[in-house]
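In what follows, a single structure is set out as structure tokens and then discussed.
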Amino acid sequence: MLDALRRGAKTWVAKILLGLLVLSFAIWGVADVVRWGGTPTVAEVGETEITVAEFQRAYDRQLRDLSRQFGQAVDRDFAESIGLPQQVLGRLLSEATLTAAARDAGLGVSDEVLAREIAADPALRPPGSDTFDRGYFARLLRENGLTEEMYIAERRLQSLREQLVDGIVGGMQPPEAYVAVFDRYRTEQRDVRYVVLPLSAAGPAPVPTDSDLEAWYADRKGEFQAPEYRELAVLAVTPEAIADPSSVSAEDVRREYEQGRASFTSPERRRVRQVLFPTSEEAAEASARIKGGASLDDVIAERGLTPADVELGLVAEGDIIDPAIAEVAFSLEPGEVSDPVDARFGSAIVQVVEVEPEVVRPFEEVREEVARSLATRRAEDLVYDTHDEIEDARAGGASLAEIADRFSLPLVTVITDARGQSPEGEVVSGRFPQSGEVLQAAFEAEVGEENDPVRSGLGYVWYEVKDIIPAADRPLAEVRDQVVAAWTAEKTDEALAARAEEMAGALRSGGDIEALAAEIGEAVRTAEDLTRAGQPADFGPEGLEAVFAGPAGHVAAVSGNGRTQVVLQVTDVAVPAFFPEAAESQQVAAQLESQLGDSLLGLYIDRSRDALGSSIDEQALRTATGSTIR
């Protein structure tokens, strides 16, 4: 029976729903899963405690996960605002409930079985090894500050929880009729005929009066506001920014040039033609004819080839795949035709049409470029020292302008909106590195606030918000053209939707879709075998939902792609036969099994927790999170 119950460790429930403590060193580290005795408790379920230390380990681990997802550190205040403490506590309470229930049920696992499970755990083996190494296991425990007894105790609790879970939901299968309903929903197919109404079907564009515009604009001023602008000071410290080419000696520049000479060299390239022959005899015969006065073009024409069949283009020697062809091609004179070549894909004759000599950019031409590149590489080591000095200066109250003067660094000052445009419409975001990330952070900061720098490759970008210019309403006269265009578009769309609904009403009353389409000069289109997961060409999710909203004959008017309307009529409904053994049906059954198991196990945990009794120490919880939980 224990073997059957232990299979719960492999079920989706144990792995996905519960978030049971993962005991694999490779993922969390063993130290994260051990409860330390004698410490204050955050909560209790029955006689099972959740200690402050245990909660802090789980909470800190979740913070690290969020930080990796966001690409930046997530502080505890933000974590509290999204309810992370409650989420972590809820998971730990579920685990504690299962532990208490498993103990009350008298579940257990023998030392022998537990030893076999530990020995079979690949996370506890040396990298690349297929066998358990006790010495490696002991070293892992020491590195994580654990004893073997601590680890085995928690592993035993894990096994108890998994046994209980498998006993509750293991082997659950949804009824076949239940699967069939969902399978029908997934596989049902429909055919439709429809008409796409373009904007022209709405009739002449309306012309607004002054009173129309004034009333319409009064309700929509926010859509035409001048955006919020912010004055920013931005200081970038990157290898490129602090590099000093003048500090590089002439000898070092010359040495760098000679060592990297290949990067300043454009290799010789040749325009090559290659004619392949199935056999060496045919190649030899063609070569003899060319030597007798025929041209390669004559041979190409006789073989029915086109220029595209024989042209390799203007290529360097290394660009030619076949080494034998490359060697011959780069030994010929311009216009010369080779003897037959034993090529990779048969015999070939090669001709060089044009030669483009190797070009080496002279030292004088690239001296400044080389000096800057060398100085930039050397500056990489200075970035981190400069970062620390700037942070010290900021801690002392220095502004970015003062720091820029002190370190002789360029300070960029811009007035910009969140998109990186100035009030005059100039794109200013390209004036400093990592502009997108800097702008996003700057529009969340306050004036005078000290902000963390943004990483930019091997460098850093600091920013200060100097001033905030709030968003402001614009007078109608200033945006009249935009308002007229928006008003006209809205009224045209409304007229088009009304026309589509009028056509749909006529179709519902027995009208002919062909005649209705002819009235607006459009053709009737068809879409066949549509499913709920389909992607029709002329309408999106709203239209697809309408297709399945009624029986055969159902009519609807919906928005189409772009500024169009669609009038559609369902012409046929088909439901494919249900085969429980089909792969797709098995997938549906597996999903339903997961959902049913989640629901059942959730109910079990709630009822068990109520029966066992539980309590939460709010003060201990606040201590564990390091912030106030409301």
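As shown in the structure tokens, the chain order sets the letters A, B, ...; within each chain, residues go from 1, and ligands are also counted from 1 in the order they appear.
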
List the neighbours of A:Phe345 out to 10 Å using only C-alpha atoms; skip same-chain residues closer than 6 positions along the sequence, and give me the result as an MDAnalysis selection string. chainID A and resid 276:278 322

Please give the complete set of residues from stretch 308-351 of chain A that DSSP, run on the backbone, assigns to helix (DSSP H, G or I), formatted as a list in words. Ala308, Asp309, Val310, Glu317, Gly318, Asp319, Pro323, Ala324, Ile325, Ala326, Glu327, Val328 and Ala329 of chain A

Could you state the separation of atom CA of A:Ala53 and atom CA of A:Thr41 in Å, given to one decimal place?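 So the two atoms, atom CA of A:Ala53 and atom CA of A:Thr41, lie 8.4 Å apart.
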
Between atom CA of A:Leu197 and atom CA of A:Val484, what is the distance, to one decimal in Å? 23.4 Å

At a cut-off of 12 Å, using only C-alpha atoms, what residues contact A:Ile152? Leave out same-chain residues fewer than 4 positions from it and give the result as a PyMOL selection string. chain A and resi 23+30+33-35+109-119+137+141+146-148+156-159

Show me, as a list in words, the residues that have an atom within 12 Å of A:Glu364 when counting only C-alpha atoms, minus same-chain residues fewer than 2 positions from it. Ala250, Val253, Arg254, Tyr257, Phe264, Val360, Arg361, Pro362, Val366, Arg367, Glu368, Glu369, Val370 and Ala371 of chain A

Export of prior selection with N, CA and C atoms as a JSON list (two decimals), in the first residue's frame:
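To be explicit, this is the file written out as result_20.json:
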[["chain", "number", "residue", "atom", "x", "y", "z"],
["A", 250, "ALA", "N", 51.45, 56.18, -28.54],
["A", 250, "ALA", "CA", 51.52, 55.87, -29.97],
["A", 250, "ALA", "C", 52.00, 54.45, -30.19],
["A", 253, "VAL", "N", 49.10, 52.07, -29.66],
["A", 253, "VAL", "CA", 48.14, 52.14, -30.76],
["A", 253, "VAL", "C", 48.67, 51.36, -31.96],
["A", 254, "ARG", "N", 49.96, 51.56, -32.28],
["A", 254, "ARG", "CA", 50.56, 50.82, -33.41],
["A", 254, "ARG", "C", 50.52, 49.32, -33.16],
["A", 257, "TYR", "N", 47.07, 47.98, -33.64],
["A", 257, "TYR", "CA", 46.73, 47.94, -35.07],
["A", 257, "TYR", "C", 47.33, 46.70, -35.73],
["A", 264, "PHE", "N", 40.97, 45.24, -40.04],
["A", 264, "PHE", "CA", 41.01, 46.42, -40.90],
["A", 264, "PHE", "C", 41.26, 46.04, -42.36],
["A", 360, "VAL", "N", 43.56, 47.06, -47.41],
["A", 360, "VAL", "CA", 43.93, 47.22, -46.02],
["A", 360, "VAL", "C", 43.82, 48.70, -45.67],
["A", 361, "ARG", "N", 42.99, 49.01, -44.67],
["A", 361, "ARG", "CA", 42.87, 50.41, -44.25],
["A", 361, "ARG", "C", 44.19, 50.83, -43.59],
["A", 362, "PRO", "N", 44.81, 51.89, -44.06],
["A", 362, "PRO", "CA", 46.13, 52.27, -43.53],
["A", 362, "PRO", "C", 46.04, 52.74, -42.09],
["A", 366, "VAL", "N", 42.99, 54.85, -39.46],
["A", 366, "VAL", "CA", 42.24, 54.25, -38.35],
["A", 366, "VAL", "C", 42.89, 54.51, -37.01],
["A", 367, "ARG", "N", 43.92, 55.35, -36.95],
["A", 367, "ARG", "CA", 44.65, 55.54, -35.70],
["A", 367, "ARG", "C", 43.73, 56.00, -34.57],
["A", 368, "GLU", "N", 42.89, 56.99, -34.83],
["A", 368, "GLU", "CA", 42.01, 57.48, -33.77],
["A", 368, "GLU", "C", 40.99, 56.42, -33.36],
["A", 369, "GLU", "N", 40.50, 55.68, -34.33],
["A", 369, "GLU", "CA", 39.54, 54.60, -34.03],
["A", 369, "GLU", "C", 40.18, 53.55, -33.14],
["A", 370, "VAL", "N", 41.43, 53.18, -33.44],
["A", 370, "VAL", "CA", 42.13, 52.17, -32.64],
["A", 370, "VAL", "C", 42.40, 52.71, -31.24],
["A", 371, "ALA", "N", 42.83, 53.98, -31.16],
["A", 371, "ALA", "CA", 43.12, 54.57, -29.85],
["A", 371, "ALA", "C", 41.88, 54.59, -28.98]]

Show me, as a list in words, the residues that have an atom within 6 Å of A:Asp572 when counting only C-alpha atoms, minus same-chain residues fewer than 2 positions from it. Arg190, Asp191, Ala552 and Val570 of chain A

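Atom to atom, atom CA of A:Leu98 and atom CA of A:Gly626 stand 27.6 Å apart.
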
Could you tell me which of A:Val299, A:Val207, A:Leu63, A:Ala445 comes closest to A:Ala283 if we count only C-alpha atoms?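 Answer, going by the shortest atom-to-atom distance: A:Val299.
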
DSSP-assigned strand (DSSP E) among stretch 136-262 of chain A, expressed as a ChimeraX atom specification: /A:189-197,229-237

Writing out the chosen residues with N, CA and C atoms as a PDB file, in the first residue's frame:
ATOM      1  N   GLN A 189     -17.644  22.293 -34.973  1.00  0.00           N
ATOM      2  CA  GLN A 189     -17.269  23.050 -36.164  1.00  0.00           C
ATOM      3  C   GLN A 189     -18.487  23.749 -36.756  1.00  0.00           C
ATOM      4  N   ARG A 190     -18.239  24.926 -37.315  1.00  0.00           N
ATOM      5  CA  ARG A 190     -19.337  25.690 -37.901  1.00  0.00           C
ATOM      6  C   ARG A 190     -18.905  26.310 -39.223  1.00  0.00           C
ATOM      7  N   ASP A 191     -19.868  26.381 -40.149  1.00  0.00           N
ATOM      8  CA  ASP A 191     -19.682  27.074 -41.416  1.00  0.00           C
ATOM      9  C   ASP A 191     -20.500  28.358 -41.385  1.00  0.00           C
ATOM     10  N   VAL A 192     -19.940  29.435 -41.925  1.00  0.00           N
ATOM     11  CA  VAL A 192     -20.663  30.706 -41.964  1.00  0.00           C
ATOM     12  C   VAL A 192     -20.519  31.357 -43.329  1.00  0.00           C
ATOM     13  N   ARG A 193     -21.542  32.146 -43.664  1.00  0.00           N
ATOM     14  CA  ARG A 193     -21.451  33.064 -44.801  1.00  0.00           C
ATOM     15  C   ARG A 193     -21.503  34.468 -44.211  1.00  0.00           C
ATOM     16  N   TYR A 194     -20.726  35.374 -44.774  1.00  0.00           N
ATOM     17  CA  TYR A 194     -20.677  36.695 -44.163  1.00  0.00           C
ATOM     18  C   TYR A 194     -20.322  37.758 -45.194  1.00  0.00           C
ATOM     19  N   VAL A 195     -20.619  39.001 -44.818  1.00  0.00           N
ATOM     20  CA  VAL A 195     -20.324  40.160 -45.653  1.00  0.00           C
ATOM     21  C   VAL A 195     -19.488  41.131 -44.816  1.00  0.00           C
ATOM     22  N   VAL A 196     -18.398  41.609 -45.396  1.00  0.00           N
ATOM     23  CA  VAL A 196     -17.559  42.608 -44.728  1.00  0.00           C
ATOM     24  C   VAL A 196     -17.977  43.988 -45.224  1.00  0.00           C
ATOM     25  N   LEU A 197     -18.359  44.862 -44.298  1.00  0.00           N
ATOM     26  CA  LEU A 197     -18.780  46.218 -44.636  1.00  0.00           C
ATOM     27  C   LEU A 197     -17.597  47.165 -44.466  1.00  0.00           C
ATOM     28  N   TYR A 229       5.418  66.320 -18.512  1.00  0.00           N
ATOM     29  CA  TYR A 229       6.833  66.398 -18.871  1.00  0.00           C
ATOM     30  C   TYR A 229       7.661  66.431 -17.602  1.00  0.00           C
ATOM     31  N   ARG A 230       8.883  65.949 -17.729  1.00  0.00           N
ATOM     32  CA  ARG A 230       9.800  65.993 -16.595  1.00  0.00           C
ATOM     33  C   ARG A 230      11.163  66.497 -17.071  1.00  0.00           C
ATOM     34  N   GLU A 231      11.740  67.348 -16.251  1.00  0.00           N
ATOM     35  CA  GLU A 231      13.101  67.786 -16.531  1.00  0.00           C
ATOM     36  C   GLU A 231      14.045  66.832 -15.817  1.00  0.00           C
ATOM     37  N   LEU A 232      14.923  66.206 -16.589  1.00  0.00           N
ATOM     38  CA  LEU A 232      15.817  65.185 -16.049  1.00  0.00           C
ATOM     39  C   LEU A 232      17.263  65.599 -16.242  1.00  0.00           C
ATOM     40  N   ALA A 233      18.071  65.276 -15.269  1.00  0.00           N
ATOM     41  CA  ALA A 233      19.520  65.351 -15.403  1.00  0.00           C
ATOM     42  C   ALA A 233      20.023  63.908 -15.439  1.00  0.00           C
ATOM     43  N   VAL A 234      20.789  63.568 -16.463  1.00  0.00           N
ATOM     44  CA  VAL A 234      21.232  62.187 -16.649  1.00  0.00           C
ATOM     45  C   VAL A 234      22.750  62.156 -16.783  1.00  0.00           C
ATOM     46  N   LEU A 235      23.361  61.284 -16.010  1.00  0.00           N
ATOM     47  CA  LEU A 235      24.819  61.135 -16.017  1.00  0.00           C
ATOM     48  C   LEU A 235      25.147  59.681 -16.309  1.00  0.00           C
ATOM     49  N   ALA A 236      25.820  59.430 -17.411  1.00  0.00           N
ATOM     50  CA  ALA A 236      26.181  58.068 -17.798  1.00  0.00           C
ATOM     51  C   ALA A 236      27.669  57.845 -17.555  1.00  0.00           C
ATOM     52  N   VAL A 237      27.978  56.775 -16.857  1.00  0.00           N
ATOM     53  CA  VAL A 237      29.370  56.374 -16.666  1.00  0.00           C
ATOM     54  C   VAL A 237      29.525  55.008 -17.305  1.00  0.00           C
TER      55      VAL A 237
END

Can you list, as a list in words, every protein, DNA or RNA residue that comes within 12 Å of A:Leu592 when you count only C-alpha atoms, leaving out same-chain residues fewer than 5 positions away?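 Everything that qualifies: Met172, Gln173, Pro174, Pro175, Glu176, Ala177, Tyr178, Val179, Ala180, Val181, Phe182, Asp183, Ser585, Gln586, Gln587, Gly597, Asp598 and Ser599 of chain A.
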
Pick out the residues sitting within 9 Å of A:Pro239, and hand them over as a list in words; count only C-alpha atoms, and ignore anything fewer than 6 positions along from it in its own chain.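 Within the cut-off, the hits are Ala375, Thr376, Arg377, Arg378, Ala379, Glu380, Asp381, Leu382, Val383, Leu458 and Gly459 of chain A.
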
With distances taken over only C-alpha atoms, which of A:Leu600, A:Ala401, A:Ile325, A:Ala611 is nearest to A:Gly167?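 Between A:Leu600, A:Ala401, A:Ile325, A:Ala611, the residue approaching A:Gly167 most closely is A:Leu600.
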
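Each of A:Glu49, A:Glu268, A:Asp610, A:Glu464 was compared to A:Ala441 using only C-alpha atoms, and A:Glu464 turns out to be the nearest.
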